[in-house]
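Below: entry08.cif (mmCIF, C-alpha atoms)
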data_query
loop_
_atom_site.label_atom_id
_atom_site.label_comp_id
_atom_site.auth_asym_id
_atom_site.auth_seq_id
_atom_site.Cartn_x
_atom_site.Cartn_y
_atom_site.Cartn_z
CA MET N 1 0.39 24.94 14.08
CA PRO N 2 2.78 23.28 16.55
CA ASP N 3 6.03 21.90 15.15
CA ASP N 4 5.19 18.33 16.16
CA LEU N 5 2.00 18.43 14.09
CA LEU N 6 3.86 19.87 11.08
CA ILE N 7 6.47 17.13 11.34
CA ALA N 8 3.83 14.40 11.77
CA ARG N 9 1.84 15.66 8.76
CA ALA N 10 4.96 15.91 6.62
CA LEU N 11 6.08 12.40 7.57
CA HIS N 12 2.56 11.06 7.00
CA LEU N 13 2.34 12.61 3.56
CA LEU N 14 5.86 11.57 2.59
CA SER N 15 5.17 7.98 3.62
CA LEU N 16 1.95 7.95 1.56
CA VAL N 17 3.72 9.33 -1.51
CA VAL N 18 6.35 6.59 -1.31
CA TRP N 19 3.83 3.87 -0.42
CA PHE N 20 1.25 4.57 -3.12
CA GLY N 21 3.83 5.66 -5.65
CA GLY N 22 5.22 2.16 -5.24
CA VAL N 23 1.80 0.57 -5.57
CA ALA N 24 1.25 2.56 -8.78
CA PHE N 25 4.68 1.57 -10.11
CA VAL N 26 4.05 -2.13 -9.43
CA ALA N 27 0.49 -2.07 -10.82
CA LEU N 28 1.16 0.03 -13.90
CA VAL N 29 4.78 -0.77 -14.82
CA VAL N 30 6.27 -3.82 -13.10
CA LEU N 31 3.41 -6.30 -13.44
CA PRO N 32 2.61 -5.47 -17.08
CA LEU N 33 6.31 -5.79 -17.90
CA ALA N 34 6.56 -9.09 -16.00
CA ARG N 35 3.49 -10.44 -17.78
CA ARG N 36 5.18 -9.82 -21.15
CA GLN N 37 8.27 -11.89 -20.28
CA PRO N 38 8.53 -15.10 -22.32
CA THR N 39 9.06 -17.61 -19.48
CA VAL N 40 7.64 -18.09 -16.02
CA GLU N 41 11.09 -17.87 -14.48
CA GLN N 42 11.73 -14.55 -16.24
CA LYS N 43 8.34 -13.24 -15.10
CA LEU N 44 9.08 -14.20 -11.50
CA ALA N 45 12.66 -12.94 -11.63
CA LEU N 46 11.57 -9.53 -12.88
CA PHE N 47 8.67 -9.21 -10.46
CA GLU N 48 10.59 -10.45 -7.42
CA GLY N 49 13.71 -8.54 -8.40
CA ILE N 50 11.82 -5.27 -8.14
CA GLU N 51 9.11 -6.16 -5.62
CA ARG N 52 11.40 -7.63 -2.98
CA PRO N 53 13.61 -4.53 -2.52
CA PHE N 54 10.58 -2.27 -2.71
CA GLY N 55 8.87 -4.46 -0.08
CA ARG N 56 11.37 -3.22 2.48
CA ILE N 57 10.65 0.38 1.50
CA ALA N 58 6.90 -0.29 1.59
CA ARG N 59 7.12 -1.81 5.09
CA TRP N 60 8.95 1.30 6.35
CA SER N 61 6.44 3.58 4.60
CA VAL N 62 3.42 1.74 6.00
CA ALA N 63 4.94 1.78 9.49
CA LEU N 64 5.71 5.49 9.24
CA ALA N 65 2.20 6.25 7.95
CA GLY N 66 0.68 4.33 10.85
CA LEU N 67 2.89 5.88 13.51
CA SER N 68 2.51 9.44 12.22
CA GLY N 69 -1.25 8.98 11.82
CA LEU N 70 -1.55 7.65 15.34
CA TRP N 71 0.58 10.54 16.62
CA MET N 72 -1.79 13.05 15.02
CA LEU N 73 -4.88 11.24 16.32
CA ARG N 74 -3.56 11.04 19.85
CA ASN N 75 -1.88 14.41 20.21
CA ARG N 76 -4.55 16.43 18.43
CA GLU N 77 -7.39 14.44 20.02
CA LEU N 78 -8.98 13.64 16.67
CA TRP N 79 -10.72 10.44 17.77
CA TYR N 80 -14.13 12.14 17.50
CA ARG N 81 -13.75 12.10 13.72
CA PHE N 82 -14.45 8.37 13.65
CA ALA N 83 -17.98 9.07 14.88
CA GLU N 84 -18.83 11.61 12.17
CA PRO N 85 -19.93 10.40 8.70
CA SER N 86 -18.22 13.33 6.97
CA PHE N 87 -14.91 11.86 8.08
CA TRP N 88 -15.54 8.52 6.32
CA TRP N 89 -12.00 8.74 4.96
CA MET N 90 -10.59 8.24 8.47
CA TRP N 91 -12.11 4.75 8.51
CA ALA N 92 -10.89 4.20 4.95
CA MET N 93 -7.33 5.16 5.93
CA VAL N 94 -7.35 2.76 8.86
CA ALA N 95 -8.86 -0.06 6.78
CA LEU N 96 -6.36 0.43 3.97
CA TRP N 97 -3.49 0.62 6.43
CA LEU N 98 -4.66 -2.63 8.07
CA VAL N 99 -4.87 -4.42 4.73
CA PHE N 100 -1.34 -3.39 3.76
CA ALA N 101 0.05 -4.07 7.24
CA LEU N 102 -1.42 -7.58 7.24
CA VAL N 103 -0.10 -8.31 3.76
CA LEU N 104 3.37 -6.82 4.26
CA TYR N 105 4.05 -7.97 7.82
CA VAL N 106 2.07 -11.22 8.07
CA ALA N 107 0.79 -12.81 4.84
CA GLU N 108 3.73 -12.12 2.55
CA PRO N 109 6.51 -13.36 4.83
CA LEU N 110 4.54 -16.33 6.16
CA TRP N 111 2.95 -17.76 3.03
CA LEU N 112 1.85 -15.34 0.27
CA HIS N 113 5.23 -14.98 -1.42
CA ALA N 114 5.75 -18.74 -1.71
CA ALA N 115 2.10 -19.40 -2.63
CA PHE N 116 2.25 -16.84 -5.44
CA ALA N 117 5.45 -18.35 -6.85
CA ARG N 118 3.88 -21.85 -6.81
CA TRP N 119 0.72 -20.54 -8.50
CA ALA N 120 2.76 -18.66 -11.12
CA ARG N 121 4.69 -21.82 -11.97
CA ARG N 122 1.38 -23.68 -12.48
CA ASP N 123 -0.51 -20.88 -14.29
CA ALA N 124 1.54 -17.74 -14.84
CA ALA N 125 -1.11 -15.92 -16.84
CA ALA N 126 -3.74 -16.28 -14.12
CA ALA N 127 -1.36 -15.54 -11.24
CA PHE N 128 0.06 -12.37 -12.76
CA ALA N 129 -3.34 -11.17 -13.98
CA TRP N 130 -4.70 -11.62 -10.44
CA ALA N 131 -1.71 -9.80 -8.94
CA GLN N 132 -2.17 -6.90 -11.33
CA ARG N 133 -5.92 -6.66 -10.70
CA LEU N 134 -5.31 -6.72 -6.94
CA HIS N 135 -2.67 -3.99 -7.15
CA LEU N 136 -4.99 -1.88 -9.35
CA LEU N 137 -7.83 -2.34 -6.86
CA LEU N 138 -5.59 -1.32 -3.97
CA LEU N 139 -4.32 1.66 -5.97
CA LEU N 140 -7.90 2.76 -6.68
CA ALA N 141 -8.85 2.36 -3.01
CA GLY N 142 -5.80 4.38 -2.04
CA ALA N 143 -6.56 7.12 -4.57
CA ILE N 144 -10.15 7.44 -3.35
CA THR N 145 -9.02 7.49 0.27
CA ILE N 146 -6.28 10.04 -0.34
CA ALA N 147 -8.62 12.26 -2.38
CA GLY N 148 -11.26 12.01 0.38
CA ALA N 149 -8.72 12.87 3.05
CA VAL N 150 -7.37 15.87 1.15
CA ALA N 151 -10.86 17.18 0.38
CA GLY N 152 -12.18 16.36 3.84
CA SER N 153 -9.34 17.89 5.79
CA HIS N 154 -9.60 21.30 4.14
#
As structure tokens, the full file:
Amino acid sequence: MPDDLLIARALHLLSLVVWFGGVAFVALVVLPLARRQPTVEQKLALFEGIERPFGRIARWSVALAGLSGLWMLRNRELWYRFAEPSFWWMWAMVALWLVFALVLYVAEPLWLHAAFARWARRDAAAAFAWAQRLHLLLLLAGAITIAGAVAGSH
């Protein structure tokens, strides 16, 4: 295996570990802890205090996953996989990457962050329950995609 492919695979895997480890941490630890805080301001402070710094890490991880994935596709000429049903996980990886890229680079900075804070101040229980369900759904989608990719690539 050429060195560039080894490096691209290692970077791809490392970025996924950081990315989905963070999604798991937010879904399973941060949001439940935030939901248990007594006031809305404490809920938001806890969530934003952890989510905001991790957002920078997540943006780097998503970018690295996209760039390393594209490198492997292009340099190993793997485009044909998108035409074969047994490589369904390739489409899943791209779709999941697009969802996260849109949220992290477009929706969150432009309106989602502020909209969530407004919603939480009106109805904290509903806002945080929705955020946790969404993170759990994304975590499940990521786990299925990662499992499919690992099984499908070997």
Which residues of segment 6-95 of chain N come within 10 Å of segment 126-133 of chain N, and for each one, what is the closest pair of atoms and their distance in Å to one decimal, counting all atoms listed in the file, sorted by chain and residue number, as JSON lines?
{"residue": "N:Val26", "atom": "CA", "partner": "N:Gln132", "partner_atom": "CA", "distance": 8.1}
{"residue": "N:Ala27", "atom": "CA", "partner": "N:Gln132", "partner_atom": "CA", "distance": 5.5}
{"residue": "N:Leu28", "atom": "CA", "partner": "N:Gln132", "partner_atom": "CA", "distance": 8.1}
{"residue": "N:Val29", "atom": "CA", "partner": "N:Gln132", "partner_atom": "CA", "distance": 9.9}
{"residue": "N:Val30", "atom": "CA", "partner": "N:Gln132", "partner_atom": "CA", "distance": 9.2}
{"residue": "N:Leu31", "atom": "CA", "partner": "N:Gln132", "partner_atom": "CA", "distance": 6.0}
{"residue": "N:Pro32", "atom": "CA", "partner": "N:Gln132", "partner_atom": "CA", "distance": 7.6}
{"residue": "N:Ala34", "atom": "CA", "partner": "N:Phe128", "partner_atom": "CA", "distance": 8.0}
{"residue": "N:Arg35", "atom": "CA", "partner": "N:Phe128", "partner_atom": "CA", "distance": 6.4}
{"residue": "N:Lys43", "atom": "CA", "partner": "N:Phe128", "partner_atom": "CA", "distance": 8.6}
{"residue": "N:Leu44", "atom": "CA", "partner": "N:Phe128", "partner_atom": "CA", "distance": 9.3}
{"residue": "N:Phe47", "atom": "CA", "partner": "N:Phe128", "partner_atom": "CA", "distance": 9.5}
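Shortest atom-to-atom contact with Trp119 of chain N among N:Val23, N:Ser86, N:Val103, N:Val40: N:Val40, counting all atoms listed in the file.
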- Item | Selection dump of the PyMOL selection byres ((chain N and resi 145) around 9), as a PyMOL selection string | chain N and resi 88-90+92-93+96+140-144+146-150
Residues near segment 51-64 of chain N, cut-off 8 Å, all atoms listed in the file, skip fewer than 5 positions along chain, as a PDB file with C-alpha atoms, in the coordinates of the input:
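This is the output file result_5.pdb:
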ATOM      1  CA  LEU N  11       6.080  12.400   7.570  1.00  0.00           C
ATOM      2  CA  HIS N  12       2.560  11.060   7.000  1.00  0.00           C
ATOM      3  CA  SER N  15       5.170   7.980   3.620  1.00  0.00           C
ATOM      4  CA  LEU N  16       1.950   7.950   1.560  1.00  0.00           C
ATOM      5  CA  VAL N  18       6.350   6.590  -1.310  1.00  0.00           C
ATOM      6  CA  TRP N  19       3.830   3.870  -0.420  1.00  0.00           C
ATOM      7  CA  GLY N  22       5.220   2.160  -5.240  1.00  0.00           C
ATOM      8  CA  VAL N  26       4.050  -2.130  -9.430  1.00  0.00           C
ATOM      9  CA  TRP N  97      -3.490   0.620   6.430  1.00  0.00           C
ATOM     10  CA  PHE N 100      -1.340  -3.390   3.760  1.00  0.00           C
ATOM     11  CA  ALA N 101       0.050  -4.070   7.240  1.00  0.00           C
ATOM     12  CA  LEU N 104       3.370  -6.820   4.260  1.00  0.00           C
ATOM     13  CA  TYR N 105       4.050  -7.970   7.820  1.00  0.00           C
TER      14      TYR N 105
END
- Please provide the set of residues having any atom within 9 Å of Gly69 of chain N, restricted to only C-alpha atoms, with same-chain residues fewer than 4 positions apart removed, written as a PyMOL selection string. chain N and resi 8-9+12+64-65+73-74
- Provide the atom CA of Met72 of chain N to atom CA of Gly21 of chain N distance in Å, to one decimal place.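 The value is 22.7 Å.
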- Rank N:Arg36, N:Leu98, N:Ser68, N:Leu139 by their smallest atom-to-atom distance to Ile7 of chain N, using only C-alpha atoms, and report the top residue only. N:Ser68
